[in-house]
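A.B. asks: PDB, C-alpha atoms, pLDDT in the B column, file model28.pdb:
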```pdb
ATOM      1  CA  MET S   1      63.671 121.457  79.931  1.00 57.00           C
ATOM      2  CA  GLY S   2      60.864 123.307  81.463  1.00 60.00           C
ATOM      3  CA  THR S   3      61.221 126.740  79.977  1.00 67.00           C
ATOM      4  CA  THR S   4      57.929 128.422  79.536  1.00 69.00           C
ATOM      5  CA  PRO S   5      57.722 131.329  77.126  1.00 67.00           C
ATOM      6  CA  GLN S   6      57.400 134.684  78.763  1.00 68.00           C
ATOM      7  CA  PRO S   7      54.083 136.377  78.080  1.00 65.00           C
ATOM      8  CA  ARG S   8      54.462 139.226  75.645  1.00 70.00           C
ATOM      9  CA  ARG S   9      54.541 142.543  77.352  1.00 66.00           C
ATOM     10  CA  ARG S  10      52.974 145.443  75.539  1.00 69.00           C
ATOM     11  CA  LYS S  11      55.555 148.083  74.664  1.00 66.00           C
ATOM     12  CA  SER S  12      55.065 151.589  75.896  1.00 67.00           C
ATOM     13  CA  ARG S  13      56.347 154.844  74.441  1.00 64.00           C
ATOM     14  CA  SER S  14      59.186 154.867  76.961  1.00 69.00           C
ATOM     15  CA  ASP S  15      60.503 151.660  75.357  1.00 75.00           C
ATOM     16  CA  LEU S  16      61.197 153.386  72.011  1.00 81.00           C
ATOM     17  CA  VAL S  17      64.664 154.510  73.029  1.00 83.00           C
ATOM     18  CA  HIS S  18      66.301 153.898  69.661  1.00 81.00           C
ATOM     19  CA  LEU S  19      63.607 155.655  67.670  1.00 83.00           C
ATOM     20  CA  ARG S  20      63.771 158.629  69.999  1.00 82.00           C
ATOM     21  CA  SER S  21      67.507 158.914  69.557  1.00 83.00           C
ATOM     22  CA  LEU S  22      67.278 159.084  65.732  1.00 81.00           C
ATOM     23  CA  PRO S  23      66.572 162.836  65.442  1.00 79.00           C
ATOM     24  CA  SER S  24      69.687 163.597  67.483  1.00 80.00           C
ATOM     25  CA  THR S  25      72.027 161.412  65.403  1.00 82.00           C
ATOM     26  CA  GLN S  26      73.539 162.560  62.159  1.00 80.00           C
ATOM     27  CA  PRO S  27      72.260 160.692  59.064  1.00 84.00           C
ATOM     28  CA  ALA S  28      74.629 158.696  56.868  1.00 85.00           C
ATOM     29  CA  THR S  29      73.650 160.252  53.520  1.00 90.00           C
ATOM     30  CA  LYS S  30      74.776 163.707  52.483  1.00 91.00           C
ATOM     31  CA  ILE S  31      71.271 164.935  51.627  1.00 90.00           C
ATOM     32  CA  GLY S  32      70.166 163.557  54.988  1.00 90.00           C
ATOM     33  CA  GLN S  33      72.903 165.537  56.716  1.00 90.00           C
ATOM     34  CA  VAL S  34      71.889 168.746  54.932  1.00 92.00           C
ATOM     35  CA  THR S  35      68.232 168.102  55.817  1.00 90.00           C
ATOM     36  CA  TRP S  36      69.219 167.348  59.417  1.00 89.00           C
ATOM     37  CA  ALA S  37      71.068 170.682  59.641  1.00 90.00           C
ATOM     38  CA  TRP S  38      68.417 172.611  57.669  1.00 91.00           C
ATOM     39  CA  GLY S  39      67.289 174.669  60.677  1.00 90.00           C
ATOM     40  CA  GLU S  40      70.788 176.049  61.221  1.00 92.00           C
ATOM     41  CA  ILE S  41      71.392 176.503  57.480  1.00 93.00           C
ATOM     42  CA  GLU S  42      68.150 178.405  57.096  1.00 92.00           C
ATOM     43  CA  ALA S  43      68.936 180.561  60.146  1.00 93.00           C
ATOM     44  CA  GLY S  44      72.335 181.470  58.686  1.00 93.00           C
ATOM     45  CA  LEU S  45      70.807 182.408  55.346  1.00 92.00           C
ATOM     46  CA  ALA S  46      68.056 184.416  57.057  1.00 93.00           C
ATOM     47  CA  ALA S  47      70.737 186.289  58.999  1.00 93.00           C
ATOM     48  CA  GLY S  48      72.202 187.482  55.693  1.00 93.00           C
ATOM     49  CA  MET S  49      75.045 185.027  55.288  1.00 92.00           C
ATOM     50  CA  LYS S  50      75.959 183.965  51.777  1.00 95.00           C
ATOM     51  CA  LEU S  51      75.349 180.369  50.793  1.00 94.00           C
ATOM     52  CA  LYS S  52      79.053 179.812  50.311  1.00 95.00           C
ATOM     53  CA  GLU S  53      79.752 181.013  53.868  1.00 95.00           C
ATOM     54  CA  VAL S  54      77.094 178.642  55.207  1.00 94.00           C
ATOM     55  CA  TRP S  55      78.625 175.801  53.160  1.00 95.00           C
ATOM     56  CA  GLU S  56      82.097 176.572  54.551  1.00 95.00           C
ATOM     57  CA  ALA S  57      80.728 176.476  58.098  1.00 94.00           C
ATOM     58  CA  ALA S  58      78.956 173.188  57.360  1.00 93.00           C
ATOM     59  CA  ARG S  59      82.205 171.724  56.002  1.00 93.00           C
ATOM     60  CA  LYS S  60      83.989 172.712  59.210  1.00 94.00           C
ATOM     61  CA  ASP S  61      81.240 170.878  61.101  1.00 90.00           C
ATOM     62  CA  GLY S  62      81.877 167.689  59.135  1.00 89.00           C
ATOM     63  CA  LEU S  63      79.555 167.914  56.126  1.00 89.00           C
ATOM     64  CA  ASP S  64      81.826 166.651  53.368  1.00 89.00           C
ATOM     65  CA  THR S  65      80.198 167.698  50.099  1.00 92.00           C
ATOM     66  CA  SER S  66      81.163 169.921  47.211  1.00 94.00           C
ATOM     67  CA  TYR S  67      79.734 173.415  46.990  1.00 96.00           C
ATOM     68  CA  ALA S  68      77.910 172.554  43.754  1.00 95.00           C
ATOM     69  CA  GLN S  69      76.216 169.560  45.353  1.00 95.00           C
ATOM     70  CA  PHE S  70      75.404 171.584  48.463  1.00 95.00           C
ATOM     71  CA  ARG S  71      73.641 174.138  46.249  1.00 96.00           C
ATOM     72  CA  VAL S  72      71.588 171.348  44.655  1.00 95.00           C
ATOM     73  CA  TYR S  73      70.567 170.009  48.056  1.00 94.00           C
ATOM     74  CA  ILE S  74      69.560 173.479  49.264  1.00 94.00           C
ATOM     75  CA  SER S  75      67.530 174.116  46.138  1.00 94.00           C
ATOM     76  CA  ARG S  76      65.708 170.776  46.555  1.00 93.00           C
ATOM     77  CA  LEU S  77      64.938 171.485  50.195  1.00 92.00           C
ATOM     78  CA  ARG S  78      63.652 174.983  49.411  1.00 91.00           C
ATOM     79  CA  ARG S  79      61.433 173.625  46.631  1.00 91.00           C
ATOM     80  CA  GLN S  80      60.127 170.899  48.909  1.00 89.00           C
ATOM     81  CA  ARG S  81      59.354 173.404  51.674  1.00 87.00           C
ATOM     82  CA  ARG S  82      57.625 175.731  49.202  1.00 87.00           C
ATOM     83  CA  ARG S  83      55.428 172.896  47.944  1.00 86.00           C
ATOM     84  CA  SER S  84      54.498 171.771  51.442  1.00 84.00           C
ATOM     85  CA  THR S  85      53.643 175.294  52.630  1.00 80.00           C
ATOM     86  CA  ALA S  86      51.735 176.318  49.492  1.00 73.00           C
ATOM     87  CA  ALA S  87      48.138 177.061  50.311  1.00 61.00           C
ATOM     88  CA  PRO S  88      45.670 174.726  48.620  1.00 65.00           C
ATOM     89  CA  LEU S  89      43.182 176.268  46.208  1.00 62.00           C
ATOM     90  CA  PRO S  90      39.818 177.052  47.760  1.00 62.00           C
ATOM     91  CA  PRO S  91      36.993 174.764  46.652  1.00 63.00           C
ATOM     92  CA  PRO S  92      34.656 176.191  43.997  1.00 59.00           C
ATOM     93  CA  ARG S  93      31.545 177.812  45.386  1.00 60.00           C
ATOM     94  CA  ASP S  94      28.204 176.972  43.840  1.00 58.00           C
ATOM     95  CA  ASN S  95      26.198 179.835  45.257  1.00 55.00           C
ATOM     96  CA  GLU S  96      28.288 182.909  44.576  1.00 55.00           C
ATOM     97  CA  GLU S  97      27.389 186.133  46.325  1.00 59.00           C
ATOM     98  CA  PRO S  98      26.122 188.830  43.974  1.00 59.00           C
ATOM     99  CA  GLY S  99      28.485 191.711  43.457  1.00 62.00           C
ATOM    100  CA  LEU S 100      31.666 189.653  43.688  1.00 61.00           C
ATOM    101  CA  PRO S 101      33.700 189.418  40.486  1.00 63.00           C
ATOM    102  CA  THR S 102      33.764 185.923  39.058  1.00 65.00           C
ATOM    103  CA  LEU S 103      36.911 184.544  37.533  1.00 65.00           C
ATOM    104  CA  PRO S 104      36.646 182.953  34.084  1.00 69.00           C
ATOM    105  CA  GLN S 105      36.758 179.190  34.076  1.00 77.00           C
ATOM    106  CA  ALA S 106      40.026 177.694  32.912  1.00 80.00           C
ATOM    107  CA  ASP S 107      39.751 176.021  29.510  1.00 81.00           C
ATOM    108  CA  PRO S 108      42.683 173.665  28.939  1.00 81.00           C
ATOM    109  CA  PHE S 109      41.758 173.110  25.271  1.00 84.00           C
ATOM    110  CA  ARG S 110      41.243 176.748  24.294  1.00 85.00           C
ATOM    111  CA  ASN S 111      44.654 176.886  22.633  1.00 85.00           C
ATOM    112  CA  LEU S 112      43.857 173.818  20.517  1.00 81.00           C
ATOM    113  CA  ARG S 113      40.506 175.204  19.407  1.00 82.00           C
ATOM    114  CA  GLU S 114      42.069 178.517  18.401  1.00 84.00           C
ATOM    115  CA  GLN S 115      44.781 176.781  16.372  1.00 82.00           C
ATOM    116  CA  ARG S 116      42.219 174.637  14.536  1.00 79.00           C
ATOM    117  CA  GLU S 117      40.100 177.672  13.684  1.00 81.00           C
ATOM    118  CA  LYS S 118      43.148 179.495  12.295  1.00 80.00           C
ATOM    119  CA  LYS S 119      44.070 176.457  10.237  1.00 76.00           C
ATOM    120  CA  LYS S 120      40.556 176.205   8.797  1.00 75.00           C
ATOM    121  CA  GLN S 121      40.661 179.840   7.731  1.00 75.00           C
ATOM    122  CA  SER S 122      44.097 179.752   6.158  1.00 74.00           C
ATOM    123  CA  VAL S 123      44.271 176.354   4.455  1.00 67.00           C
ATOM    124  CA  PHE S 124      42.387 175.132   1.401  1.00 70.00           C
ATOM    125  CA  GLU S 125      40.676 171.847   2.119  1.00 68.00           C
ATOM    126  CA  TYR S 126      39.488 169.790  -0.839  1.00 70.00           C
ATOM    127  CA  ASP S 127      36.386 167.722  -0.226  1.00 69.00           C
ATOM    128  CA  PRO S 128      35.938 165.255  -3.124  1.00 72.00           C
ATOM    129  CA  PHE S 129      32.495 164.256  -1.923  1.00 75.00           C
ATOM    130  CA  SER S 130      31.065 167.752  -1.771  1.00 71.00           C
ATOM    131  CA  ILE S 131      27.727 168.270  -3.542  1.00 75.00           C
ATOM    132  CA  ASN S 132      28.635 171.877  -4.291  1.00 70.00           C
ATOM    133  CA  LYS S 133      29.921 171.710  -7.906  1.00 69.00           C
ATOM    134  CA  ASN S 134      30.294 175.424  -8.664  1.00 70.00           C
ATOM    135  CA  PHE S 135      33.243 175.595 -11.019  1.00 62.00           C
ATOM    136  CA  ILE S 136      34.836 178.786 -12.166  1.00 63.00           C
ATOM    137  CA  GLY S 137      34.522 178.926 -15.827  1.00 50.00           C
TER
END
```
Could you render the structure as structure tokens?
C.D. replies:
Amino acid sequence: MGTTPQPRRRKSRSDLVHLRSLPSTQPATKIGQVTWAWGEIEAGLAAGMKLKEVWEAARKDGLDTSYAQFRVYISRLRRQRRRSTAAPLPPPRDNEEPGLPTLPQADPFRNLREQREKKKQSVFEYDPFSINKNFIG
């Protein structure tokens, strides 16, 4: 049995036939189907169609999901798109130009400090080890 193994041939991009066909095939999951059709759904909504009308058209095209679930999927996709297109905050600048208004720095513990100060002013605190022994009398 003189079979010699074939030398491995390096794959090229033209060999990825199955991967290339994936975007044109409908996904198996319902959220995948809504995501797959998102371009058409978004175009219908942008054209002024109501979400229910878009859902009815999607059902006619084979998307078998309830209207309530369709609304959930749309809301998730919109939120995801909003997050991905949100502009990142600019990095802080060390050398600010004079004349430009500066924004106050965010203090995440300001609320806590204010509450503690209010509590100190409004509540009697007994200190048994205090050296101040001024009694009313």
A.B. asks: Residues near Leu63 in chain S, anyone? I mean within 8 Å using only C-alpha atoms, not counting same-chain ones fewer than 5 positions away, as a list in words.
C.D. replies: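 So, after excluding close chain neighbours, the residues are Lys30, Gln33, Val34 and Ala58 of chain S.
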A.B. asks: Please enumerate the residues selected by the PyMOL selection byres ((chain S and resi 31) around 10) when evaluated against the supplied file, formatted as JSON, numbers by chain.
C.D. replies: {"S": [27, 28, 29, 30, 32, 33, 34, 35, 36, 37, 63, 65, 69, 70, 72, 73, 74, 76, 77]}
A.B. asks: To one decimal place, how far is CA of Gln121 in chain S from CA of Asn134 in chain S in Å?
C.D. replies: 19.9 Å
A.B. asks: Take every atom of range 61-78 of chain S listed in the file, fit an axis-aligned box around them, add 3 Å per side, and give the centre and edge lengths in Å to one decimal as AutoDock Vina command-line options.
C.D. replies:
```
--center_x 72.8 --center_y 170.8 --center_z 52.4 --size_x 24.2 --size_y 14.3 --size_z 23.3
```
A.B. asks: What is the CA of Thr85 in chain S to CA of Gly48 in chain S distance in Å?
C.D. replies: 22.4 Å
A.B. asks: Pick the closest to Ser66 in chain S from S:Glu42, S:Arg8, S:Thr25, S:Lys52: which is it, counting only C-alpha atoms?
C.D. replies: S:Lys52
A.B. asks: Residues picked by the PyMOL selection byres ((chain S and resi 51) around 10) here, as a PyMOL selection string?
C.D. replies: chain S and resi 41-42+44-45+48-50+52-57+67+70-71+74
A.B. asks: Quick one: distance from CA of Trp38 in chain S to CA of Ala68 in chain S in Å, one decimal?
C.D. replies: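 Distance reported for this atom pair: 16.8 Å.
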A.B. asks: Rank nothing, just name the residue among S:Arg116, S:Arg78, S:Arg20, S:Arg110 nearest to Gly39 in chain S, using all atoms listed in the file.
C.D. replies: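 Closest residue, counting all atoms listed in the file: S:Arg78.
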